[in-house]
file structure-v7.txt (compact mmCIF, C-alpha atoms)
# COMPACT_ATOMS: atom_id res chain seq x y z
CA MET F 1 154.33 42.40 152.98
CA PRO F 2 152.97 43.54 156.36
CA ASP F 3 149.37 44.68 156.82
CA LEU F 4 148.73 48.39 156.40
CA SER F 5 146.81 50.65 158.74
CA LEU F 6 143.88 52.65 157.34
CA PRO F 7 145.93 55.90 157.01
CA GLN F 8 148.65 53.98 155.15
CA ILE F 9 146.07 52.42 152.82
CA VAL F 10 144.62 55.86 152.08
CA ALA F 11 148.11 57.19 151.34
CA VAL F 12 148.96 54.48 148.81
CA ILE F 13 145.58 54.31 147.04
CA PHE F 14 145.07 58.08 146.71
CA LEU F 15 146.96 58.58 143.44
CA PRO F 16 145.90 55.30 141.78
CA LEU F 17 142.22 55.95 142.55
CA LEU F 18 142.36 59.60 141.52
CA PHE F 19 144.02 58.86 138.19
CA ALA F 20 141.91 55.75 137.54
CA ILE F 21 138.77 57.86 137.68
CA THR F 22 140.20 60.96 135.99
CA VAL F 23 141.88 59.25 133.04
CA HIS F 24 138.78 57.10 132.53
CA GLU F 25 136.68 60.22 131.94
CA VAL F 26 139.32 61.98 129.84
CA ALA F 27 139.46 58.90 127.60
CA HIS F 28 135.72 59.23 126.89
CA GLY F 29 136.08 62.90 125.97
CA TRP F 30 139.21 62.36 123.87
CA MET F 31 137.61 59.55 121.89
CA ALA F 32 134.44 61.60 121.34
CA LYS F 33 136.58 64.39 119.91
CA GLN F 34 138.13 61.97 117.43
CA PHE F 35 134.64 61.18 116.16
CA GLY F 36 133.61 64.81 115.75
CA ASP F 37 132.28 65.89 119.16
CA PRO F 38 134.35 68.67 120.81
CA THR F 39 131.93 69.14 123.75
CA ALA F 40 134.31 67.86 126.42
CA GLN F 41 137.17 69.97 125.07
CA ARG F 42 135.03 73.12 125.00
CA LEU F 43 134.04 72.54 128.63
CA GLY F 44 137.66 72.10 129.71
CA ARG F 45 137.25 68.40 130.52
CA LEU F 46 140.13 67.10 128.37
CA THR F 47 142.57 67.66 131.21
CA LEU F 48 144.22 65.49 133.85
CA ASN F 49 143.51 68.18 136.45
CA PRO F 50 141.41 66.13 138.91
CA LEU F 51 139.56 69.22 140.14
CA LYS F 52 137.76 69.30 136.79
CA HIS F 53 136.46 65.76 137.25
CA ILE F 54 135.89 65.21 140.98
CA ASP F 55 132.38 64.24 142.02
CA PRO F 56 131.90 64.80 145.77
CA ILE F 57 129.90 61.59 146.16
CA GLY F 58 131.51 59.25 143.65
CA THR F 59 135.12 60.38 144.00
CA LEU F 60 135.26 61.16 147.71
CA LEU F 61 132.31 59.89 149.77
CA ILE F 62 131.69 56.41 148.30
CA PRO F 63 135.36 55.27 148.25
CA SER F 64 135.83 56.60 151.81
CA LEU F 65 132.77 54.73 153.09
CA LEU F 66 133.86 51.51 151.38
CA LEU F 67 137.27 51.85 153.01
CA LEU F 68 135.78 52.42 156.46
CA MET F 69 133.41 49.47 155.99
CA HIS F 70 136.29 47.21 154.88
CA ALA F 71 134.37 46.39 151.71
CA PRO F 72 135.75 43.54 149.58
CA PHE F 73 136.47 45.97 146.75
CA LEU F 74 136.78 49.70 146.15
CA PHE F 75 135.20 51.73 143.40
CA GLY F 76 134.06 55.26 142.63
CA TRP F 77 133.31 57.58 139.75
CA ALA F 78 133.96 61.10 138.50
CA LYS F 79 131.63 63.64 136.92
CA PRO F 80 130.65 62.09 133.57
CA VAL F 81 132.24 63.75 130.56
CA PRO F 82 129.43 65.14 128.38
CA VAL F 83 129.10 63.73 124.88
CA THR F 84 126.78 65.32 122.32
CA TRP F 85 125.31 62.40 120.41
CA GLU F 86 124.32 64.50 117.39
CA ASN F 87 127.94 65.65 116.80
CA LEU F 88 129.23 62.10 116.29
CA ARG F 89 129.69 61.07 112.65
CA HIS F 90 128.05 57.67 113.16
CA PRO F 91 126.23 58.18 116.49
CA LYS F 92 125.24 54.61 117.36
CA ARG F 93 128.57 53.02 116.46
CA ASP F 94 130.74 55.90 117.67
CA MET F 95 128.97 56.09 121.04
CA ALA F 96 129.82 52.44 121.67
CA ILE F 97 133.50 53.13 120.96
CA VAL F 98 133.46 56.27 123.11
CA ALA F 99 131.97 54.23 125.97
CA ALA F 100 134.57 51.47 125.57
CA ALA F 101 137.41 54.01 125.76
CA GLY F 102 136.99 54.43 129.53
CA PRO F 103 137.46 50.75 130.49
CA GLY F 104 140.22 50.56 127.89
CA ALA F 105 142.04 53.38 129.66
CA ASN F 106 141.71 51.51 132.96
CA LEU F 107 143.34 48.44 131.40
CA VAL F 108 146.28 50.54 130.20
CA MET F 109 146.63 52.09 133.67
CA ALA F 110 146.51 48.67 135.32
CA LEU F 111 149.50 47.66 133.17
CA PHE F 112 151.25 50.92 134.07
CA TRP F 113 150.81 50.31 137.81
CA ALA F 114 152.03 46.74 137.33
CA ILE F 115 155.29 48.19 135.98
CA ILE F 116 155.47 50.51 139.01
CA ALA F 117 154.97 47.53 141.32
CA ILE F 118 157.70 45.43 139.70
CA ALA F 119 160.03 48.44 139.78
CA GLY F 120 159.34 48.67 143.52
CA VAL F 121 160.27 45.01 143.90
CA HIS F 122 163.62 45.66 142.22
CA LEU F 123 164.18 48.63 144.53
CA GLY F 124 163.38 46.48 147.53
CA THR F 125 166.67 47.15 149.32
CA PHE F 126 165.73 50.85 149.37
CA SER F 127 162.67 50.37 151.59
CA TRP F 128 161.84 54.08 151.68
CA ALA F 129 161.03 53.95 147.95
CA GLY F 130 160.61 50.30 146.99
CA MET F 131 157.92 49.26 149.45
CA PRO F 132 155.56 52.23 148.79
CA MET F 133 155.93 51.65 145.04
CA GLN F 134 154.99 47.99 145.48
CA TYR F 135 151.89 48.83 147.50
CA MET F 136 150.84 51.67 145.21
CA GLY F 137 151.37 49.53 142.13
CA ILE F 138 149.39 46.58 143.47
CA TYR F 139 146.51 48.80 144.58
CA GLY F 140 146.70 50.57 141.22
CA ILE F 141 146.22 47.24 139.44
CA GLU F 142 143.29 46.29 141.67
CA ILE F 143 141.50 49.64 141.42
CA ASN F 144 141.79 49.87 137.64
CA VAL F 145 140.78 46.27 137.01
CA ILE F 146 137.75 46.70 139.30
CA LEU F 147 136.69 49.88 137.50
CA MET F 148 137.21 48.26 134.11
CA VAL F 149 135.20 45.12 134.89
CA LEU F 150 132.48 47.03 136.77
CA ASN F 151 132.00 49.47 133.91
CA LEU F 152 131.80 46.65 131.37
CA ILE F 153 128.62 45.24 132.95
CA PRO F 154 126.00 45.60 130.17
CA LEU F 155 123.75 47.81 132.27
CA PRO F 156 123.05 51.41 131.23
CA PRO F 157 124.32 53.94 132.25
CA LEU F 158 127.53 51.94 132.75
CA ASP F 159 129.91 51.92 129.80
CA GLY F 160 129.13 48.29 129.07
CA GLY F 161 125.47 49.19 128.75
CA ARG F 162 126.25 51.91 126.23
CA VAL F 163 128.49 49.53 124.29
CA ALA F 164 125.69 46.97 124.23
CA VAL F 165 123.18 49.58 123.04
CA GLY F 166 125.58 50.46 120.22
CA LEU F 167 126.04 46.84 119.17
CA LEU F 168 122.49 45.50 119.49
CA PRO F 169 119.94 45.82 116.66
CA GLY F 170 117.49 48.71 116.93
CA PRO F 171 114.55 47.21 118.89
CA LEU F 172 116.79 45.40 121.40
CA ALA F 173 119.01 48.46 121.79
CA TRP F 174 115.94 50.60 122.50
CA GLN F 175 114.67 48.17 125.13
CA LEU F 176 118.05 48.09 126.88
CA ALA F 177 118.41 51.89 126.73
CA ARG F 178 115.08 52.23 128.58
CA ILE F 179 116.71 50.70 131.67
CA GLU F 180 119.13 53.64 132.07
CA PRO F 181 117.05 55.67 134.60
CA PHE F 182 117.01 52.62 136.89
CA GLY F 183 120.53 51.37 136.24
CA PHE F 184 122.15 52.97 139.27
CA PHE F 185 119.49 51.57 141.61
CA ILE F 186 119.92 48.11 140.08
CA LEU F 187 123.66 48.41 140.69
CA LEU F 188 123.11 49.43 144.32
CA ALA F 189 120.76 46.45 144.81
CA LEU F 190 123.38 44.09 143.37
CA LEU F 191 125.98 45.60 145.72
CA ALA F 192 123.74 45.39 148.80
CA THR F 193 122.79 41.75 148.18
CA GLY F 194 126.35 40.62 147.43
CA ALA F 195 125.38 39.60 143.89
CA LEU F 196 127.76 42.19 142.44
CA SER F 197 130.78 40.46 143.98
CA VAL F 198 129.61 37.13 142.55
CA ILE F 199 129.27 38.65 139.07
CA ILE F 200 132.48 40.66 138.84
CA GLY F 201 134.70 38.82 141.34
CA PRO F 202 135.91 35.98 139.06
CA PRO F 203 136.84 38.19 136.05
CA ILE F 204 138.55 40.71 138.37
CA ASN F 205 140.64 37.98 140.00
CA GLY F 206 141.47 36.40 136.64
CA ILE F 207 142.58 39.65 135.00
CA GLU F 208 144.61 40.74 138.04
CA HIS F 209 146.38 37.37 138.10
CA LEU F 210 147.10 37.60 134.36
CA ILE F 211 148.55 41.13 134.65
CA MET F 212 150.71 40.25 137.66
CA LYS F 213 151.97 37.11 135.92
CA LEU F 214 152.73 39.14 132.80
CA VAL F 215 155.14 41.41 134.69
CA GLY F 216 156.53 38.69 136.92
CA LEU F 217 154.60 39.48 140.12
CA GLY F 218 152.57 36.28 140.22
call {"tool": "encode", "arguments": {"input": "structure-v7.txt", "output": "structure tokens"}}
result
Amino acid sequence: MPDLSLPQIVAVIFLPLLFAITVHEVAHGWMAKQFGDPTAQRLGRLTLNPLKHIDPIGTLLIPSLLLLMHAPFLFGWAKPVPVTWENLRHPKRDMAIVAAAGPGANLVMALFWAIIAIAGVHLGTFSWAGMPMQYMGIYGIEINVILMVLNLIPLPPLDGGRVAVGLLPGPLAWQLARIEPFGFFILLALLATGALSVIIGPPINGIEHLIMKLVGLG
């Protein structure tokens, strides 16, 4: 497939990125509701309306800057869905499952976009539809796998950190939870030094290859 210009890249990644971030947050709120916490529902956050979830920095500014800088990968975030710990039936365990629901949703969406991509391949003779579907599907796989792997890093406040806090015994969980105020700065330092790519690059490439092979793209 030919290289895309920046406007073309923006056009094909817009929907995959928007839904990757939005559905990720809705999954957290939906799972919390299953365990007894209706906070997200009461605040109107159990909706696929992106306007309810957009964060000006994480949803718009950061992805745009990464695109302009030709960064090796693209990521962003939405406004976190609020979860009231005390409403959960088994707070420590349930919070880990609620946290895992976001990356789980990204995995499901990666598989969905893989189906879109393979459908585009089969529509190849109709270039007006087939080629955009292929590009959108492939970017959809990449975006969702990146968000899934990134969020599974065991660093609070990332989802992986919350899962780890829920799984670790009390003293270790408490020590890890104390890192949360500094987690975002640690993540930025990993990104700036290139260490983040070294950490998440191999699993991202492996999962993308597996998904593409599963649907016949690889």
call {"tool": "closest_residue", "arguments": {"input": "structure-v7.txt", "among": "F:Phe14, F:Pro82, F:Phe35, F:Ala110", "to": "Leu214 in chain F", "atoms": "only C-alpha atoms"}}
result
F:Ala110
call {"tool": "closest_residue", "arguments": {"input": "structure-v7.txt", "among": "F:Pro171, F:Gly140, F:Gly102, F:Pro91", "to": "Ala27 in chain F", "atoms": "only C-alpha atoms"}}
result
F:Gly102
call {"tool": "residues_around", "arguments": {"input": "structure-v7.txt", "residues": "Ile97 in chain F", "least_positions_apart": "6", "cutoff": "12 Å", "atoms": "all atoms listed in the file", "output": "PDB file with C-alpha atoms, in the coordinates of the input"}}
result
ATOM      1  CA  ALA F  27     139.460  58.900 127.600  1.00  0.00           C
ATOM      2  CA  HIS F  28     135.720  59.230 126.890  1.00  0.00           C
ATOM      3  CA  GLY F  29     136.080  62.900 125.970  1.00  0.00           C
ATOM      4  CA  TRP F  30     139.210  62.360 123.870  1.00  0.00           C
ATOM      5  CA  MET F  31     137.610  59.550 121.890  1.00  0.00           C
ATOM      6  CA  ALA F  32     134.440  61.600 121.340  1.00  0.00           C
ATOM      7  CA  LYS F  33     136.580  64.390 119.910  1.00  0.00           C
ATOM      8  CA  GLN F  34     138.130  61.970 117.430  1.00  0.00           C
ATOM      9  CA  PHE F  35     134.640  61.180 116.160  1.00  0.00           C
ATOM     10  CA  LEU F  88     129.230  62.100 116.290  1.00  0.00           C
ATOM     11  CA  HIS F  90     128.050  57.670 113.160  1.00  0.00           C
ATOM     12  CA  PRO F  91     126.230  58.180 116.490  1.00  0.00           C
ATOM     13  CA  PRO F 103     137.460  50.750 130.490  1.00  0.00           C
ATOM     14  CA  GLY F 104     140.220  50.560 127.890  1.00  0.00           C
ATOM     15  CA  ASP F 159     129.910  51.920 129.800  1.00  0.00           C
ATOM     16  CA  GLY F 160     129.130  48.290 129.070  1.00  0.00           C
ATOM     17  CA  GLY F 161     125.470  49.190 128.750  1.00  0.00           C
ATOM     18  CA  ARG F 162     126.250  51.910 126.230  1.00  0.00           C
ATOM     19  CA  VAL F 163     128.490  49.530 124.290  1.00  0.00           C
ATOM     20  CA  ALA F 164     125.690  46.970 124.230  1.00  0.00           C
ATOM     21  CA  VAL F 165     123.180  49.580 123.040  1.00  0.00           C
ATOM     22  CA  GLY F 166     125.580  50.460 120.220  1.00  0.00           C
ATOM     23  CA  LEU F 167     126.040  46.840 119.170  1.00  0.00           C
TER      24      LEU F 167
END
call {"tool": "atom_distance", "arguments": {"input": "structure-v7.txt", "atom1": "CA of Gly36 in chain F", "atom2": "CA of Ala100 in chain F"}}
result
16.6 Å
call {"tool": "closest_residue", "arguments": {"input": "structure-v7.txt", "among": "F:Leu158, F:Val81, F:Leu66, F:Leu111", "to": "Leu191 in chain F", "atoms": "all atoms listed in the file"}}
result
F:Leu66
